[in-house]
Each structure stands twice: as structure tokens, then as C-alpha cells.
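Structure, as C-alpha cells:
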Amino acid sequence: MTRLFEDTSIKGMKLRNRIVRSATWEGMCDSDGRPTQKLIRCYEDLARGGVGLIISGYTFVRPDGKGMPGKMGIHTDDFEKDFKQLTRGVHAAGGTIAIQLVHAGGQTVAQNAGRQPLAPSSIKVDQFPEVPAELSIDDIQDIVGAFGAGARRAKAWGFDAVQLHGAHGFLINQFLSPLTNRRVDDYGGGIENRSRFLLEVYRLVRETVGENYPVLIKLSAADNMDGGLEIADAIYAARELARAGIDAIEVSTGTPASGDKAPAREKINAPEKEAYNLGPALDIKEEVNCPVMVVGGFRSCEVIETTLKGNDISYISMSRPFIREPGLVNRWLQGDRKPARCISCNGCFKPGLEEGGIFCVVEKKEQEKAVKSSPFPGY
Ligand SMILES: Cc1cc2nc3c(=O)[nH]c(=O)nc-3n(C[C@H](O)[C@H](O)[C@H](O)COP(=O)(O)O)c2cc1C
Ligand code: SF4
């Protein structure tokens, strides 16, 4: 038995292996953020497929933090029944699930947020057409409260853990980054101030869920852009979180504006292109004593096993491979160790925006081709 398939636990949350489904927006919710039956089936498939820990798609804690259509929302008590069905379904299928909590900050548009987007400073970010309004102190405090309320609901509704989304240019990352945070009050300036919002969110979430419930974070180690967040500041934030009791840090890098260094890089077609955030993840691990997860381009068992050798990295996260193959972990466990079939083309975003939910467009094309070339098309 390799380290990959070991049983482990994080703060009492039992995990059947060291593979994490990194948070992945599915675009399958109603327009108000209510989970649909299609989304629930998608999580049950992941659970049946053997993933150790499923992290949900990013879930907004206040309606103006909604970043994309079809995104989940945990801003209201009205969705209790739906979320309980979701977590029960995952547990019945043998899975474990954390919810990723987010406010999109300036990385949204009024059509999704229901108002002019809000951000630490009134600075437009690349890839998003609208100039956001600067958050007032009252709004900052209200959003901190919304993270707390989201975590309270998540725990009560059966999620096994919460993960704060502190990566990819969303609100927590926007506070951390000197590119998007030009505030001159207590929330801007040096990293001690730029990390204040994150630490306030963490502390309230921790106070809300208690000491014995896992609180994780996905943290950008760098924006991969001139003038953006750099590793030294990310290490500061990671160290403060570890000191305050965070249970695991999942390391990523980049924002949608980082070009070929964005979070979901393309053309991962050779082992040396895999594990592209491993360097910064190890830098962070050197400074913290909590488990570190790393995401970004993992496709083959060999690279995963090598990354897990030694005890520095505790968990490997993947997103796109599970869109194409929800059963990937079981396939590997049963002895078929061929790499993930995902070719990292990012074609799956489009149906999320246009067809009511993400799916692997490459897989679909291949299936259609197979049917056409079959002597009995339709069978
Ligand atoms: C369709 C899609 C949706 C994503 N949604 C999220 C999300 O909701 N939250 C998040 O932290 N990252 C999100 N990501 C980024 C992934 O979690 C991951 O960090 C990135 O794709 C790199 O990992 P991979 O190479 O295994 O895909 C998304 C990626 C894709 C392709
Ligand atoms: S469309 Fe399919 S092959 Fe392309 S990135 Fe998405 S899951 Fe991978």
C-alpha cells in the first residue's frame, strides 16, 4: 500500500486516501444559488468514484459575492433541505465533503452580483469589465459576518469541513494583493494590514464552528503578476493562520489575469509539466506545522507518489481530471495506473456558462465519434 491510499484524518475528519477534489465551480445551481438535483448527482458520482475529500465548488456567502452563473450560495437558511440532501447523498456514497466559502470581490459583474461589484479598492481587474466600488468598513464587517453565517449553516447541514477561498483573485486574495488593495486604512498597506480581513474571517469562522471542526484554506502563494502577491507575503499569511489554528492549507497560485501562469494551466502533457505549484507549496510547508495540500496539473500516479514521498506534502488536489473521470481514484486503486485522461484544454468552462453545467467536451466528442463509427450507430 502506498502513501497515496493510506487512511488519514484532519481534526477527526476521516479520509480514505490522500486525493482531494479541488473546488470546482460546476455551474449547475438555480440562479439564486440553490443546489439542483443535477449538482447533487455530480457530488454523489465523485463520492462513488473514490475521492478522499471532495471540496465543493466555490459558494458565495453574500449575494453580491456571486462570481459566475450557476454558482452555489449559502447566504440563506432557505436552502437547508437541498444542502442536507447533498451532504447525505455524498455520505451515503462513502464520501467526505468540505464546502468552499467565497466572496468574489471585484472578480464578478453586476449581472451576477446584482449590484456594482465590491472590492478592497476601486480598481478594475483584467478579464472583468466593470470598475468595482471600494468596500466601506461596515461592508467589510458585514462580509466577515456572512462568512461566519455560511460556516454555521455548512456545519449544521452536514458538511465535514469548510474551506475558505483565499486564492485566484477573489476577495480574500484581493485584500492580500498589493495590486488590488490600495487602501490607506487598517486593511491596506503592509502585509500585517492586508491580511487583516483574512484573519478576521478565519477567527469568526473558527469561533462559529468551534475548535473540533476542520477549517481549511485554499491560499494563493503568488498572483504570478508584476506588483501582485508574492510568496513572502503569502508565507506571512500562512504562518499567522497556522498559529491561529487552521487545519490545512491547500496551495495554489495565479488569478484569471495571470496569462499562462493562471490557476488552471493548459497543455499539461508531460510529467515535467505536472505539479506546477509544488515549489511554493514546499516553501509554505517549511513555515507551518499544519498539513499542506497542493493543486495544479497533477495527472499521473508517478508524479503524485513522488510528491507524497517524505512527509512534506500531505494531500494532492486535482480539479479537471475529475470532470472527465469522476471515478479516477477507483480506477487507480483497482490497478489501472494510466494517467488521467484530461488533456488540460479548459474546454469544460464553456458548457458551464452556456449549457447548464460543466462537462468534458473532449470526452463528449470522442463518444460521439465512437457512436458514428459504430456499425450499429445508436447502440
Ligand atoms: C471548471 C473549473 C472550475 C473551477 N472552479 C474553482 C472553484 O470554484 N474554486 C477554486 O478554488 N478553484 C476552482 N478552479 C481551479 C481548480 O480548483 C484548480 O485549482 C485548477 O484547475 C488547477 O488544478 P487541475 O490542474 O487539477 O485542474 C476551477 C477550475 C476549473 C477548470
Ligand atoms: S474539457 Fe475535458 S479534457 Fe479539457 S480540461 Fe476539461 S475535463 Fe480536461
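Residue numbers start at 1 in each chain; chains themselves are named A, B, ... in the order of the C-alpha cells; ligands are numbered from 1 in the order shown.
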### Message
If the limit is 7 Å from any atom of ligand 1, counting only C-alpha atoms and all ligand atoms, which residues qualify? Return them as a PyMOL selection string.
### Response
chain A and resi 22-26+57-58+165+167-168+218+252+263-265+295-298+317-321+344+346+348-349+358
Problem - Surrounding residues as a PyMOL selection string, ligand 2, max 8 Å, only C-alpha atoms and all ligand atoms - result: chain A and resi 266+320-325+341-349+359-363
Please produce a file of those selected residues containing C-alpha atoms, as a PDB file, in the first residue's frame.
```pdb
ATOM      1  CA  GLU A 266      -3.159  24.403 -20.237  1.00  0.00           C
ATOM      2  CA  ARG A 320     -10.066  18.960 -14.202  1.00  0.00           C
ATOM      3  CA  PRO A 321      -9.168  15.248 -14.142  1.00  0.00           C
ATOM      4  CA  PHE A 322     -12.362  14.603 -12.157  1.00  0.00           C
ATOM      5  CA  ILE A 323     -14.534  16.471 -14.656  1.00  0.00           C
ATOM      6  CA  ARG A 324     -13.541  13.910 -17.257  1.00  0.00           C
ATOM      7  CA  GLU A 325     -13.262  10.945 -14.884  1.00  0.00           C
ATOM      8  CA  ARG A 341      -7.411  11.287 -19.421  1.00  0.00           C
ATOM      9  CA  CYS A 342      -7.882  15.067 -19.060  1.00  0.00           C
ATOM     10  CA  ILE A 343      -5.787  16.966 -21.643  1.00  0.00           C
ATOM     11  CA  SER A 344      -5.977  20.297 -19.743  1.00  0.00           C
ATOM     12  CA  CYS A 345      -7.641  22.254 -22.566  1.00  0.00           C
ATOM     13  CA  ASN A 346     -10.105  24.147 -20.335  1.00  0.00           C
ATOM     14  CA  GLY A 347     -12.936  23.421 -22.758  1.00  0.00           C
ATOM     15  CA  CYS A 348     -15.147  22.475 -19.802  1.00  0.00           C
ATOM     16  CA  PHE A 349     -15.748  26.105 -18.734  1.00  0.00           C
ATOM     17  CA  PHE A 359     -18.738  18.616 -18.636  1.00  0.00           C
ATOM     18  CA  CYS A 360     -15.729  17.319 -20.542  1.00  0.00           C
ATOM     19  CA  VAL A 361     -16.207  18.433 -24.139  1.00  0.00           C
ATOM     20  CA  VAL A 362     -13.327  16.209 -25.316  1.00  0.00           C
ATOM     21  CA  GLU A 363     -14.911  13.101 -23.812  1.00  0.00           C
TER      22      GLU A 363
END
```
note - CA of Val20 in chain A and CA of Ile55 in chain A are separated by 7.2 Å
*Which polymer residues have any atom within 10 Å of an atom of Asn330 in chain A, counting only C-alpha atoms, with same-chain residues fewer than 5 positions away left out, as a PyMOL selection string?*
chain A and resi 48-51+335-336
Gly210 in chain A proximity check over A:Pro291, A:Ala161, A:Lys267, A:Glu192, using only C-alpha atoms: winner is A:Ala161
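The closest residue to Glu44 in chain A, picked from A:Gly89, A:Gly73, A:Gly65, A:Pro117 and counting only C-alpha atoms, is A:Gly89.
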Take CA of Gly12 in chain A and CA of Pro280 in chain A and report the distance between them in Å, one decimal.
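One can read the CA of Gly12 in chain A to CA of Pro280 in chain A distance as 27.3 Å.
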Note to self: I need the strand (DSSP E) residues of range 94-151 of chain A per DSSP on the backbone, written as an MDAnalysis selection string.
What the structure shows: chainID A and resid 97:102 118:119 133:134
So, counting only C-alpha atoms, which residue among A:Ile99, A:Leu46, A:Ile172, A:Ala281 is closest to Met293 in chain A?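 The closest residue to Met293 in chain A is A:Ala281.
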*With only C-alpha atoms as the basis for distance, which of A:Lys14, A:Arg206, A:Lys309, A:Lys273 is at the shortest distance from His91 in chain A?*
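With only C-alpha atoms as the atom set, the closest residue is A:Lys14.
For the choices A:Leu353, A:Met68, A:Ala151, A:Ala237, the atom-to-atom distance to Asn193 in chain A is smallest for A:Ala237 when using only C-alpha atoms.
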Worksheet entry | Nearby residues (only C-alpha atoms) at most 10 Å from Thr87 in chain A, same-chain spacing under 5 positions excluded, as a list in words |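 The contact residues come out as Ile40, Tyr43, Glu44, Asp82, Ala92, Ala93, Gly95, Thr96, Ile97, Ala98, Ile99, Ala154, Trp157, Gly158, Phe159 and Asp160 of chain A.
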For the residues in the current selection, export N, CA, C and O atoms as a tab-separated table (two decimals), in the first residue's frame.
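This went into selection01.tsv:
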```
chain	number	residue	atom	x	y	z
A	40	ILE	N	-26.34	17.61	-7.20
A	40	ILE	CA	-26.25	16.60	-6.14
A	40	ILE	C	-25.75	15.27	-6.72
A	40	ILE	O	-24.86	14.61	-6.17
A	43	TYR	N	-21.98	15.34	-7.20
A	43	TYR	CA	-21.20	15.07	-5.98
A	43	TYR	C	-21.28	13.60	-5.59
A	43	TYR	O	-20.30	13.02	-5.11
A	44	GLU	N	-22.44	12.98	-5.79
A	44	GLU	CA	-22.56	11.55	-5.45
A	44	GLU	C	-21.64	10.72	-6.35
A	44	GLU	O	-21.01	9.77	-5.89
A	82	ASP	N	-32.06	21.35	0.64
A	82	ASP	CA	-31.28	20.99	-0.53
A	82	ASP	C	-29.84	20.61	-0.14
A	82	ASP	O	-29.29	19.61	-0.59
A	92	ALA	N	-23.77	8.85	2.00
A	92	ALA	CA	-24.33	7.52	1.67
A	92	ALA	C	-23.48	6.84	0.60
A	92	ALA	O	-23.39	5.62	0.55
A	93	ALA	N	-22.83	7.65	-0.26
A	93	ALA	CA	-21.98	7.07	-1.32
A	93	ALA	C	-20.54	6.86	-0.83
A	93	ALA	O	-19.65	6.58	-1.63
A	95	GLY	N	-18.51	9.13	0.68
A	95	GLY	CA	-17.62	10.29	0.53
A	95	GLY	C	-17.56	11.21	1.73
A	95	GLY	O	-18.31	11.06	2.70
A	96	THR	N	-16.65	12.16	1.63
A	96	THR	CA	-16.45	13.19	2.65
A	96	THR	C	-16.40	14.51	1.89
A	96	THR	O	-15.75	14.60	0.85
A	97	ILE	N	-17.08	15.53	2.43
A	97	ILE	CA	-17.17	16.78	1.65
A	97	ILE	C	-17.00	18.04	2.50
A	97	ILE	O	-17.59	18.17	3.57
A	98	ALA	N	-16.15	18.93	1.99
A	98	ALA	CA	-15.99	20.27	2.57
A	98	ALA	C	-16.65	21.26	1.63
A	98	ALA	O	-16.76	21.02	0.43
A	99	ILE	N	-17.09	22.37	2.17
A	99	ILE	CA	-17.67	23.42	1.32
A	99	ILE	C	-16.67	24.56	1.20
A	99	ILE	O	-16.05	24.95	2.19
A	154	ALA	N	-23.12	25.56	7.05
A	154	ALA	CA	-22.42	24.41	6.46
A	154	ALA	C	-22.27	23.29	7.50
A	154	ALA	O	-22.51	22.12	7.21
A	157	TRP	N	-25.60	21.71	8.35
A	157	TRP	CA	-26.23	20.98	7.24
A	157	TRP	C	-25.41	19.78	6.77
A	157	TRP	O	-25.68	19.19	5.73
A	158	GLY	N	-24.40	19.42	7.53
A	158	GLY	CA	-23.76	18.13	7.28
A	158	GLY	C	-22.42	18.15	6.56
A	158	GLY	O	-21.86	17.09	6.30
A	159	PHE	N	-21.90	19.33	6.20
A	159	PHE	CA	-20.56	19.34	5.61
A	159	PHE	C	-19.55	18.91	6.65
A	159	PHE	O	-19.69	19.21	7.84
A	160	ASP	N	-18.50	18.21	6.20
A	160	ASP	CA	-17.50	17.68	7.12
A	160	ASP	C	-16.43	18.71	7.46
A	160	ASP	O	-15.65	18.50	8.40
```
